[in-house]
$ cat coords_22.pdb   # PDB, C-alpha atoms and all ligand atoms
ATOM      1  CA  MET A   1     115.850 154.432 110.761  1.00  0.00           C
ATOM      2  CA  TYR A   2     118.606 151.857 110.804  1.00  0.00           C
ATOM      3  CA  ILE A   3     119.313 149.785 113.862  1.00  0.00           C
ATOM      4  CA  LEU A   4     122.418 148.069 115.184  1.00  0.00           C
ATOM      5  CA  ALA A   5     121.969 144.783 117.037  1.00  0.00           C
ATOM      6  CA  PRO A   6     125.245 143.775 118.721  1.00  0.00           C
ATOM      7  CA  SER A   7     125.469 139.992 118.955  1.00  0.00           C
ATOM      8  CA  LEU A   8     126.200 138.849 122.479  1.00  0.00           C
ATOM      9  CA  LEU A   9     128.105 135.869 121.144  1.00  0.00           C
ATOM     10  CA  GLY A  10     131.011 138.198 120.366  1.00  0.00           C
ATOM     11  CA  ALA A  11     131.189 139.648 123.897  1.00  0.00           C
ATOM     12  CA  ASP A  12     133.679 138.957 126.684  1.00  0.00           C
ATOM     13  CA  PHE A  13     131.583 137.039 129.212  1.00  0.00           C
ATOM     14  CA  ASN A  14     133.929 137.965 132.058  1.00  0.00           C
ATOM     15  CA  ILE A  15     132.617 141.501 131.831  1.00  0.00           C
ATOM     16  CA  LEU A  16     129.318 140.942 130.102  1.00  0.00           C
ATOM     17  CA  GLY A  17     127.179 143.452 131.992  1.00  0.00           C
ATOM     18  CA  GLN A  18     129.690 146.214 131.460  1.00  0.00           C
ATOM     19  CA  GLN A  19     129.966 145.475 127.734  1.00  0.00           C
ATOM     20  CA  ILE A  20     126.200 145.428 127.267  1.00  0.00           C
ATOM     21  CA  LYS A  21     125.971 148.856 128.954  1.00  0.00           C
ATOM     22  CA  GLU A  22     128.637 150.159 126.594  1.00  0.00           C
ATOM     23  CA  THR A  23     126.674 149.035 123.547  1.00  0.00           C
ATOM     24  CA  GLU A  24     123.521 150.684 124.882  1.00  0.00           C
ATOM     25  CA  GLU A  25     125.275 153.957 125.651  1.00  0.00           C
ATOM     26  CA  ALA A  26     126.897 153.989 122.198  1.00  0.00           C
ATOM     27  CA  GLY A  27     123.466 153.851 120.536  1.00  0.00           C
ATOM     28  CA  ALA A  28     122.699 150.188 119.858  1.00  0.00           C
ATOM     29  CA  GLU A  29     118.943 149.933 120.305  1.00  0.00           C
ATOM     30  CA  TYR A  30     118.816 146.143 120.025  1.00  0.00           C
ATOM     31  CA  LEU A  31     120.752 143.357 121.670  1.00  0.00           C
ATOM     32  CA  HIS A  32     120.976 140.222 119.514  1.00  0.00           C
ATOM     33  CA  ILE A  33     120.905 137.049 121.599  1.00  0.00           C
ATOM     34  CA  ASP A  34     121.893 133.830 119.811  1.00  0.00           C
ATOM     35  CA  VAL A  35     120.480 130.672 121.354  1.00  0.00           C
ATOM     36  CA  MET A  36     121.965 127.427 119.964  1.00  0.00           C
ATOM     37  CA  ASP A  37     121.064 123.866 120.890  1.00  0.00           C
ATOM     38  CA  GLY A  38     123.819 121.722 119.345  1.00  0.00           C
ATOM     39  CA  ILE A  39     121.195 120.092 117.102  1.00  0.00           C
ATOM     40  CA  PHE A  40     119.912 122.704 114.663  1.00  0.00           C
ATOM     41  CA  VAL A  41     123.471 124.064 114.618  1.00  0.00           C
ATOM     42  CA  PRO A  42     126.640 122.278 115.765  1.00  0.00           C
ATOM     43  CA  SER A  43     127.371 124.575 118.702  1.00  0.00           C
ATOM     44  CA  ILE A  44     125.696 125.293 122.062  1.00  0.00           C
ATOM     45  CA  SER A  45     125.557 128.847 123.398  1.00  0.00           C
ATOM     46  CA  PHE A  46     123.351 130.022 126.279  1.00  0.00           C
ATOM     47  CA  GLY A  47     119.729 130.200 127.322  1.00  0.00           C
ATOM     48  CA  MET A  48     117.160 131.514 129.758  1.00  0.00           C
ATOM     49  CA  PRO A  49     119.216 132.081 132.935  1.00  0.00           C
ATOM     50  CA  LEU A  50     121.626 134.359 131.103  1.00  0.00           C
ATOM     51  CA  ILE A  51     118.845 136.355 129.465  1.00  0.00           C
ATOM     52  CA  ARG A  52     117.007 136.761 132.770  1.00  0.00           C
ATOM     53  CA  SER A  53     120.130 138.059 134.408  1.00  0.00           C
ATOM     54  CA  ILE A  54     121.159 140.594 131.732  1.00  0.00           C
ATOM     55  CA  ARG A  55     117.578 141.866 131.513  1.00  0.00           C
ATOM     56  CA  GLU A  56     118.367 143.735 134.739  1.00  0.00           C
ATOM     57  CA  THR A  57     121.215 145.709 133.165  1.00  0.00           C
ATOM     58  CA  SER A  58     119.723 146.660 129.820  1.00  0.00           C
ATOM     59  CA  ARG A  59     116.702 148.445 128.385  1.00  0.00           C
ATOM     60  CA  GLN A  60     117.547 147.452 124.827  1.00  0.00           C
ATOM     61  CA  PHE A  61     115.170 145.457 122.663  1.00  0.00           C
ATOM     62  CA  PHE A  62     116.104 141.826 123.322  1.00  0.00           C
ATOM     63  CA  ASP A  63     116.213 140.272 119.881  1.00  0.00           C
ATOM     64  CA  VAL A  64     116.376 136.531 120.538  1.00  0.00           C
ATOM     65  CA  HIS A  65     117.594 134.440 117.584  1.00  0.00           C
ATOM     66  CA  LEU A  66     116.635 130.817 118.165  1.00  0.00           C
ATOM     67  CA  MET A  67     118.872 128.371 116.329  1.00  0.00           C
ATOM     68  CA  ILE A  68     117.112 125.414 117.889  1.00  0.00           C
ATOM     69  CA  VAL A  69     114.766 122.613 116.879  1.00  0.00           C
ATOM     70  CA  ASN A  70     111.191 122.783 118.200  1.00  0.00           C
ATOM     71  CA  PRO A  71     111.361 126.488 119.090  1.00  0.00           C
ATOM     72  CA  GLU A  72     107.629 126.452 119.925  1.00  0.00           C
ATOM     73  CA  ARG A  73     108.424 124.539 123.117  1.00  0.00           C
ATOM     74  CA  TYR A  74     110.243 127.501 124.642  1.00  0.00           C
ATOM     75  CA  ILE A  75     108.390 130.633 123.564  1.00  0.00           C
ATOM     76  CA  ARG A  76     106.640 131.263 126.900  1.00  0.00           C
ATOM     77  CA  GLU A  77     109.859 130.782 128.828  1.00  0.00           C
ATOM     78  CA  PHE A  78     111.814 133.176 126.636  1.00  0.00           C
ATOM     79  CA  ALA A  79     109.018 135.713 127.003  1.00  0.00           C
ATOM     80  CA  GLU A  80     109.105 135.373 130.783  1.00  0.00           C
ATOM     81  CA  CYS A  81     112.852 135.817 131.030  1.00  0.00           C
ATOM     82  CA  GLY A  82     112.813 139.071 129.085  1.00  0.00           C
ATOM     83  CA  ALA A  83     112.773 138.559 125.309  1.00  0.00           C
ATOM     84  CA  ASP A  84     111.108 141.345 123.301  1.00  0.00           C
ATOM     85  CA  GLY A  85     111.205 139.538 119.995  1.00  0.00           C
ATOM     86  CA  ILE A  86     111.748 135.938 118.989  1.00  0.00           C
ATOM     87  CA  THR A  87     113.100 134.878 115.628  1.00  0.00           C
ATOM     88  CA  PHE A  88     112.963 131.206 114.685  1.00  0.00           C
ATOM     89  CA  HIS A  89     114.306 129.349 111.659  1.00  0.00           C
ATOM     90  CA  LEU A  90     111.906 128.393 108.907  1.00  0.00           C
ATOM     91  CA  GLU A  91     114.021 125.248 108.413  1.00  0.00           C
ATOM     92  CA  ALA A  92     113.478 124.188 112.045  1.00  0.00           C
ATOM     93  CA  VAL A  93     109.679 124.019 112.133  1.00  0.00           C
ATOM     94  CA  GLY A  94     106.814 122.153 110.482  1.00  0.00           C
ATOM     95  CA  GLN A  95     104.140 124.810 110.898  1.00  0.00           C
ATOM     96  CA  PRO A  96     105.637 128.298 110.821  1.00  0.00           C
ATOM     97  CA  GLN A  97     102.220 129.943 111.041  1.00  0.00           C
ATOM     98  CA  LYS A  98     101.536 128.305 114.397  1.00  0.00           C
ATOM     99  CA  VAL A  99     104.888 129.368 115.797  1.00  0.00           C
ATOM    100  CA  ILE A 100     104.260 132.968 114.711  1.00  0.00           C
ATOM    101  CA  GLU A 101     100.869 132.906 116.429  1.00  0.00           C
ATOM    102  CA  GLU A 102     102.409 131.588 119.634  1.00  0.00           C
ATOM    103  CA  ILE A 103     105.073 134.280 119.640  1.00  0.00           C
ATOM    104  CA  HIS A 104     102.376 136.934 119.236  1.00  0.00           C
ATOM    105  CA  ALA A 105     100.219 135.298 121.904  1.00  0.00           C
ATOM    106  CA  ALA A 106     103.163 135.673 124.295  1.00  0.00           C
ATOM    107  CA  GLY A 107     103.133 139.413 123.548  1.00  0.00           C
ATOM    108  CA  LEU A 108     106.356 139.455 121.497  1.00  0.00           C
ATOM    109  CA  LYS A 109     107.391 140.522 118.012  1.00  0.00           C
ATOM    110  CA  ALA A 110     107.852 137.596 115.642  1.00  0.00           C
ATOM    111  CA  GLY A 111     110.708 137.037 113.242  1.00  0.00           C
ATOM    112  CA  ILE A 112     111.426 134.315 110.724  1.00  0.00           C
ATOM    113  CA  SER A 113     114.931 133.443 109.591  1.00  0.00           C
ATOM    114  CA  ILE A 114     116.446 131.651 106.624  1.00  0.00           C
ATOM    115  CA  LYS A 115     119.835 130.044 106.180  1.00  0.00           C
ATOM    116  CA  PRO A 116     121.937 130.964 103.116  1.00  0.00           C
ATOM    117  CA  GLY A 117     120.745 127.892 101.183  1.00  0.00           C
ATOM    118  CA  THR A 118     117.007 128.538 101.616  1.00  0.00           C
ATOM    119  CA  PRO A 119     115.377 130.549  98.806  1.00  0.00           C
ATOM    120  CA  VAL A 120     114.113 133.940 100.019  1.00  0.00           C
ATOM    121  CA  GLU A 121     110.769 133.199  98.356  1.00  0.00           C
ATOM    122  CA  ALA A 122     110.168 130.570 101.041  1.00  0.00           C
ATOM    123  CA  VAL A 123     109.337 133.326 103.564  1.00  0.00           C
ATOM    124  CA  TYR A 124     106.903 135.217 101.290  1.00  0.00           C
ATOM    125  CA  PRO A 125     103.811 133.361 102.580  1.00  0.00           C
ATOM    126  CA  TYR A 126     104.555 134.582 106.132  1.00  0.00           C
ATOM    127  CA  LEU A 127     105.405 138.203 105.443  1.00  0.00           C
ATOM    128  CA  THR A 128     101.943 139.498 106.241  1.00  0.00           C
ATOM    129  CA  ASP A 129     102.255 138.057 109.748  1.00  0.00           C
ATOM    130  CA  VAL A 130     105.814 138.609 110.965  1.00  0.00           C
ATOM    131  CA  GLU A 131     107.450 141.869 112.035  1.00  0.00           C
ATOM    132  CA  LEU A 132     110.915 140.812 110.891  1.00  0.00           C
ATOM    133  CA  VAL A 133     112.804 138.601 108.445  1.00  0.00           C
ATOM    134  CA  LEU A 134     116.330 137.610 109.388  1.00  0.00           C
ATOM    135  CA  VAL A 135     118.525 136.852 106.389  1.00  0.00           C
ATOM    136  CA  MET A 136     121.600 134.865 107.375  1.00  0.00           C
ATOM    137  CA  SER A 137     124.740 135.936 105.547  1.00  0.00           C
ATOM    138  CA  VAL A 138     126.780 133.046 107.017  1.00  0.00           C
ATOM    139  CA  GLU A 139     125.857 129.469 107.891  1.00  0.00           C
ATOM    140  CA  PRO A 140     124.371 129.841 111.383  1.00  0.00           C
ATOM    141  CA  GLY A 141     126.318 128.389 114.290  1.00  0.00           C
ATOM    142  CA  PHE A 142     129.401 130.501 114.901  1.00  0.00           C
ATOM    143  CA  GLY A 143     130.458 134.121 115.153  1.00  0.00           C
ATOM    144  CA  GLY A 144     133.432 135.517 113.248  1.00  0.00           C
ATOM    145  CA  GLN A 145     132.718 134.002 109.820  1.00  0.00           C
ATOM    146  CA  PRO A 146     133.127 136.003 106.589  1.00  0.00           C
ATOM    147  CA  PHE A 147     130.052 137.594 104.981  1.00  0.00           C
ATOM    148  CA  MET A 148     128.755 135.604 101.988  1.00  0.00           C
ATOM    149  CA  PRO A 149     128.421 138.078  99.081  1.00  0.00           C
ATOM    150  CA  GLU A 150     125.483 136.126  97.618  1.00  0.00           C
ATOM    151  CA  ALA A 151     123.474 137.654 100.460  1.00  0.00           C
ATOM    152  CA  TYR A 152     123.335 141.090  98.761  1.00  0.00           C
ATOM    153  CA  GLU A 153     121.137 139.839  95.968  1.00  0.00           C
ATOM    154  CA  ARG A 154     118.919 137.965  98.437  1.00  0.00           C
ATOM    155  CA  ILE A 155     118.473 141.057 100.600  1.00  0.00           C
ATOM    156  CA  SER A 156     117.597 143.276  97.658  1.00  0.00           C
ATOM    157  CA  ARG A 157     115.128 140.749  96.222  1.00  0.00           C
ATOM    158  CA  LEU A 158     113.380 140.604  99.599  1.00  0.00           C
ATOM    159  CA  ARG A 159     113.493 144.424  99.909  1.00  0.00           C
ATOM    160  CA  SER A 160     111.765 144.838  96.517  1.00  0.00           C
ATOM    161  CA  TYR A 161     109.067 142.320  97.413  1.00  0.00           C
ATOM    162  CA  ILE A 162     108.402 143.974 100.787  1.00  0.00           C
ATOM    163  CA  ASP A 163     108.284 147.455  99.250  1.00  0.00           C
ATOM    164  CA  GLN A 164     106.105 146.441  96.314  1.00  0.00           C
ATOM    165  CA  ASN A 165     103.594 144.882  98.662  1.00  0.00           C
ATOM    166  CA  ARG A 166     103.904 147.711 101.216  1.00  0.00           C
ATOM    167  CA  LEU A 167     104.509 145.288 104.062  1.00  0.00           C
ATOM    168  CA  PRO A 168     105.591 146.681 107.442  1.00  0.00           C
ATOM    169  CA  VAL A 169     108.331 144.050 107.815  1.00  0.00           C
ATOM    170  CA  LYS A 170     111.904 144.810 108.793  1.00  0.00           C
ATOM    171  CA  ILE A 171     114.881 143.065 107.224  1.00  0.00           C
ATOM    172  CA  GLU A 172     117.677 142.044 109.563  1.00  0.00           C
ATOM    173  CA  VAL A 173     121.013 140.719 108.310  1.00  0.00           C
ATOM    174  CA  ASP A 174     123.235 138.494 110.429  1.00  0.00           C
ATOM    175  CA  GLY A 175     126.763 137.208 109.924  1.00  0.00           C
ATOM    176  CA  GLY A 176     130.020 138.871 108.946  1.00  0.00           C
ATOM    177  CA  VAL A 177     128.652 142.424 108.988  1.00  0.00           C
ATOM    178  CA  GLY A 178     131.236 145.051 109.885  1.00  0.00           C
ATOM    179  CA  LYS A 179     132.399 148.553 109.130  1.00  0.00           C
ATOM    180  CA  LYS A 180     133.801 147.474 105.722  1.00  0.00           C
ATOM    181  CA  ASN A 181     130.484 146.231 104.337  1.00  0.00           C
ATOM    182  CA  VAL A 182     127.783 147.921 106.442  1.00  0.00           C
ATOM    183  CA  ARG A 183     127.101 150.515 103.710  1.00  0.00           C
ATOM    184  CA  GLU A 184     126.530 147.799 101.108  1.00  0.00           C
ATOM    185  CA  VAL A 185     124.360 145.804 103.510  1.00  0.00           C
ATOM    186  CA  ILE A 186     121.999 148.727 104.204  1.00  0.00           C
ATOM    187  CA  GLY A 187     122.292 149.783 100.557  1.00  0.00           C
ATOM    188  CA  ALA A 188     120.916 146.364  99.555  1.00  0.00           C
ATOM    189  CA  GLY A 189     117.914 146.911 101.826  1.00  0.00           C
ATOM    190  CA  ALA A 190     118.669 145.848 105.408  1.00  0.00           C
ATOM    191  CA  ASP A 191     117.033 147.798 108.261  1.00  0.00           C
ATOM    192  CA  ILE A 192     118.803 146.053 111.130  1.00  0.00           C
ATOM    193  CA  CYS A 193     122.449 144.965 111.166  1.00  0.00           C
ATOM    194  CA  VAL A 194     123.588 142.254 113.563  1.00  0.00           C
ATOM    195  CA  ALA A 195     127.283 142.432 114.407  1.00  0.00           C
ATOM    196  CA  GLY A 196     129.259 140.349 116.886  1.00  0.00           C
ATOM    197  CA  SER A 197     132.972 140.496 116.108  1.00  0.00           C
ATOM    198  CA  ALA A 198     132.737 143.958 114.552  1.00  0.00           C
ATOM    199  CA  VAL A 199     131.290 145.372 117.791  1.00  0.00           C
ATOM    200  CA  PHE A 200     133.183 143.488 120.495  1.00  0.00           C
ATOM    201  CA  LYS A 201     136.622 142.798 118.988  1.00  0.00           C
ATOM    202  CA  LYS A 202     139.669 144.890 118.069  1.00  0.00           C
ATOM    203  CA  ARG A 203     138.910 148.490 119.074  1.00  0.00           C
ATOM    204  CA  SER A 204     136.729 149.702 121.919  1.00  0.00           C
ATOM    205  CA  ILE A 205     133.017 148.982 121.698  1.00  0.00           C
ATOM    206  CA  SER A 206     132.121 152.664 121.468  1.00  0.00           C
ATOM    207  CA  GLU A 207     134.603 153.250 118.647  1.00  0.00           C
ATOM    208  CA  ASN A 208     133.323 150.221 116.758  1.00  0.00           C
ATOM    209  CA  ILE A 209     129.707 151.274 117.172  1.00  0.00           C
ATOM    210  CA  PHE A 210     130.513 154.826 116.103  1.00  0.00           C
ATOM    211  CA  HIS A 211     131.384 153.523 112.598  1.00  0.00           C
ATOM    212  CA  PHE A 212     128.024 151.845 112.263  1.00  0.00           C
ATOM    213  CA  MET A 213     126.186 154.941 113.499  1.00  0.00           C
ATOM    214  CA  GLN A 214     128.071 157.069 110.958  1.00  0.00           C
ATOM    215  CA  ALA A 215     127.055 154.775 108.111  1.00  0.00           C
ATOM    216  CA  PHE A 216     123.425 154.836 109.280  1.00  0.00           C
ATOM    217  CA  LYS A 217     123.393 158.630 109.562  1.00  0.00           C
ATOM    218  CA  GLU A 218     124.890 159.098 106.090  1.00  0.00           C
ATOM    219  CA  LYS A 219     122.270 156.832 104.564  1.00  0.00           C
ATOM    220  CA  GLU A 220     119.407 158.531 106.424  1.00  0.00           C
ATOM    221  CA  GLN A 221     120.740 161.903 105.316  1.00  0.00           C
ATOM    222  CA  LYS A 222     120.835 160.766 101.681  1.00  0.00           C
ATOM    223  CA  GLU A 223     117.254 159.539 101.949  1.00  0.00           C
ATOM    224  CA  ASP A 224     116.119 162.872 103.442  1.00  0.00           C
ATOM    225  CA  ASP A 225     117.800 164.748 100.568  1.00  0.00           C
ATOM    226  CA  LYS A 226     115.855 162.797  97.949  1.00  0.00           C
TER     227      LYS A 226
HETATM  228  C1  LIG A 301     125.770 133.147 113.920  1.00  0.00           C
HETATM  229  C2  LIG A 301     124.972 134.083 114.763  1.00  0.00           C
HETATM  230  C3  LIG A 301     125.410 135.497 114.661  1.00  0.00           C
HETATM  231  C4  LIG A 301     126.832 135.754 115.069  1.00  0.00           C
HETATM  232  C5  LIG A 301     127.320 136.951 114.314  1.00  0.00           C
HETATM  233  O1  LIG A 301     125.130 131.940 113.804  1.00  0.00           O
HETATM  234  O2  LIG A 301     123.604 134.043 114.387  1.00  0.00           O
HETATM  235  O3  LIG A 301     124.517 136.387 115.307  1.00  0.00           O
HETATM  236  O4  LIG A 301     127.021 135.951 116.441  1.00  0.00           O
HETATM  237  O5  LIG A 301     128.653 137.155 114.578  1.00  0.00           O
HETATM  238  P1  LIG A 301     129.607 137.965 113.587  1.00  0.00           P
HETATM  239  O6  LIG A 301     129.068 139.346 113.475  1.00  0.00           O
HETATM  240  O7  LIG A 301     130.934 137.877 114.240  1.00  0.00           O
HETATM  241  O8  LIG A 301     129.568 137.256 112.246  1.00  0.00           O
HETATM  242 ZN    ZN A 302     122.226 135.596 115.198  1.00  0.00          ZN
END
$ encode --input "coords_22.pdb" --output "structure tokens"
Amino acid sequence: MYILAPSLLGADFNILGQQIKETEEAGAEYLHIDVMDGIFVPSISFGMPLIRSIRETSRQFFDVHLMIVNPERYIREFAECGADGITFHLEAVGQPQKVIEEIHAAGLKAGISIKPGTPVEAVYPYLTDVELVLVMSVEPGFGGQPFMPEAYERISRLRSYIDQNRLPVKIEVDGGVGKKNVREVIGAGADICVAGSAVFKKRSISENIFHFMQAFKEKEQKEDDK
């Protein structure tokens, strides 16, 4: 089962609630929520008040991507305002194991993320404990950047390791994913595709999401035929 996680960063905040509903109705099971602090990444996005407020309009899985230093300071608060899963950056913490434990203690799914320059092997020691690995296919910080093709090899290396060790960990890919490359991204081994611009820009949200759903269905069909 492949999942689409529309990234809120690409939405029109004038009509945010309406756009979130559209993504849910079109079949996006996750909502990807990028929190930036201006320190771990150059930009600042949004935080708890926004999440608390949109929690009332959506039943999607709130997939919170923390691009912040000291993420452990805010886990409880994100849990209270409606997060379902929290993903932090390996590069942002000293003791990843402790952060994972705290996320679980708050009753949430834990994810660990790596920037394009961090070797994928760096997450291997944590794969028995997390539910998700988020592979960045752009430098984190901004929406609308082009997909870095080096990510394919990183995704497939991680996929092989996870499969060989029969680990129940999902691979999520974030940055520059759209209808032109979604087939290659899931072909390389991604389970969850994050997409901001490709969901919220150009055509209508439902049309954009339809292309992702088609690609997912085709791939699932091929797997069933095997
Ligand atoms: C970037 C964020 C992404 C971003 C993706 O740092 O983590 O989630 O919103 O946007 P697109 O799909 O436009 O690259
Ligand atoms: Zn993100």
$ residues_near_ligand --input "coords_22.pdb" --ligand "ligand LIG 301 (chain A)" --cutoff "10 Å" --atoms "only C-alpha atoms and all ligand atoms" --output "PyMOL selection string"
chain A and resi 5-11+32-36+41-43+64-67+113+115+134-147+173-178+193-201
$ write_last_selection --input "coords_22.pdb" --atoms "C-alpha atoms" --output "PDB file, keeping the file's coordinate frame"
ATOM      1  CA  ALA A   5     121.969 144.783 117.037  1.00  0.00           C
ATOM      2  CA  PRO A   6     125.245 143.775 118.721  1.00  0.00           C
ATOM      3  CA  SER A   7     125.469 139.992 118.955  1.00  0.00           C
ATOM      4  CA  LEU A   8     126.200 138.849 122.479  1.00  0.00           C
ATOM      5  CA  LEU A   9     128.105 135.869 121.144  1.00  0.00           C
ATOM      6  CA  GLY A  10     131.011 138.198 120.366  1.00  0.00           C
ATOM      7  CA  ALA A  11     131.189 139.648 123.897  1.00  0.00           C
ATOM      8  CA  HIS A  32     120.976 140.222 119.514  1.00  0.00           C
ATOM      9  CA  ILE A  33     120.905 137.049 121.599  1.00  0.00           C
ATOM     10  CA  ASP A  34     121.893 133.830 119.811  1.00  0.00           C
ATOM     11  CA  VAL A  35     120.480 130.672 121.354  1.00  0.00           C
ATOM     12  CA  MET A  36     121.965 127.427 119.964  1.00  0.00           C
ATOM     13  CA  VAL A  41     123.471 124.064 114.618  1.00  0.00           C
ATOM     14  CA  PRO A  42     126.640 122.278 115.765  1.00  0.00           C
ATOM     15  CA  SER A  43     127.371 124.575 118.702  1.00  0.00           C
ATOM     16  CA  VAL A  64     116.376 136.531 120.538  1.00  0.00           C
ATOM     17  CA  HIS A  65     117.594 134.440 117.584  1.00  0.00           C
ATOM     18  CA  LEU A  66     116.635 130.817 118.165  1.00  0.00           C
ATOM     19  CA  MET A  67     118.872 128.371 116.329  1.00  0.00           C
ATOM     20  CA  SER A 113     114.931 133.443 109.591  1.00  0.00           C
ATOM     21  CA  LYS A 115     119.835 130.044 106.180  1.00  0.00           C
ATOM     22  CA  LEU A 134     116.330 137.610 109.388  1.00  0.00           C
ATOM     23  CA  VAL A 135     118.525 136.852 106.389  1.00  0.00           C
ATOM     24  CA  MET A 136     121.600 134.865 107.375  1.00  0.00           C
ATOM     25  CA  SER A 137     124.740 135.936 105.547  1.00  0.00           C
ATOM     26  CA  VAL A 138     126.780 133.046 107.017  1.00  0.00           C
ATOM     27  CA  GLU A 139     125.857 129.469 107.891  1.00  0.00           C
ATOM     28  CA  PRO A 140     124.371 129.841 111.383  1.00  0.00           C
ATOM     29  CA  GLY A 141     126.318 128.389 114.290  1.00  0.00           C
ATOM     30  CA  PHE A 142     129.401 130.501 114.901  1.00  0.00           C
ATOM     31  CA  GLY A 143     130.458 134.121 115.153  1.00  0.00           C
ATOM     32  CA  GLY A 144     133.432 135.517 113.248  1.00  0.00           C
ATOM     33  CA  GLN A 145     132.718 134.002 109.820  1.00  0.00           C
ATOM     34  CA  PRO A 146     133.127 136.003 106.589  1.00  0.00           C
ATOM     35  CA  PHE A 147     130.052 137.594 104.981  1.00  0.00           C
ATOM     36  CA  VAL A 173     121.013 140.719 108.310  1.00  0.00           C
ATOM     37  CA  ASP A 174     123.235 138.494 110.429  1.00  0.00           C
ATOM     38  CA  GLY A 175     126.763 137.208 109.924  1.00  0.00           C
ATOM     39  CA  GLY A 176     130.020 138.871 108.946  1.00  0.00           C
ATOM     40  CA  VAL A 177     128.652 142.424 108.988  1.00  0.00           C
ATOM     41  CA  GLY A 178     131.236 145.051 109.885  1.00  0.00           C
ATOM     42  CA  CYS A 193     122.449 144.965 111.166  1.00  0.00           C
ATOM     43  CA  VAL A 194     123.588 142.254 113.563  1.00  0.00           C
ATOM     44  CA  ALA A 195     127.283 142.432 114.407  1.00  0.00           C
ATOM     45  CA  GLY A 196     129.259 140.349 116.886  1.00  0.00           C
ATOM     46  CA  SER A 197     132.972 140.496 116.108  1.00  0.00           C
ATOM     47  CA  ALA A 198     132.737 143.958 114.552  1.00  0.00           C
ATOM     48  CA  VAL A 199     131.290 145.372 117.791  1.00  0.00           C
ATOM     49  CA  PHE A 200     133.183 143.488 120.495  1.00  0.00           C
ATOM     50  CA  LYS A 201     136.622 142.798 118.988  1.00  0.00           C
TER      51      LYS A 201
END
$ atom_distance --input "coords_22.pdb" --atom1 "CA of Val133 in chain A" --atom2 "CA of Thr118 in chain A"
12.9 Å
$ closest_residue --input "coords_22.pdb" --among "A:Ile100, A:Ile209, A:Leu31, A:Ala105" --to "ligand ZN 302 (chain A)" --atoms "only C-alpha atoms and all ligand atoms"
A:Leu31
$ atom_distance --input "coords_22.pdb" --atom1 "CA of Pro116 in chain A" --atom2 "CA of Ala188 in chain A"
15.8 Å
$ closest_residue --input "coords_22.pdb" --among "A:Gly111, A:Gly17, A:Gly82, A:Pro96" --to "ligand ZN 302 (chain A)" --atoms "all atoms listed in the file"
A:Gly111
$ atom_distance --input "coords_22.pdb" --atom1 "CA of Ile3 in chain A" --atom2 "CA of Arg76 in chain A"
26.0 Å
$ closest_residue --input "coords_22.pdb" --among "A:Tyr2, A:Phe88, A:Tyr74, A:Phe212" --to "ligand ZN 302 (chain A)" --atoms "all atoms listed in the file"
A:Phe88
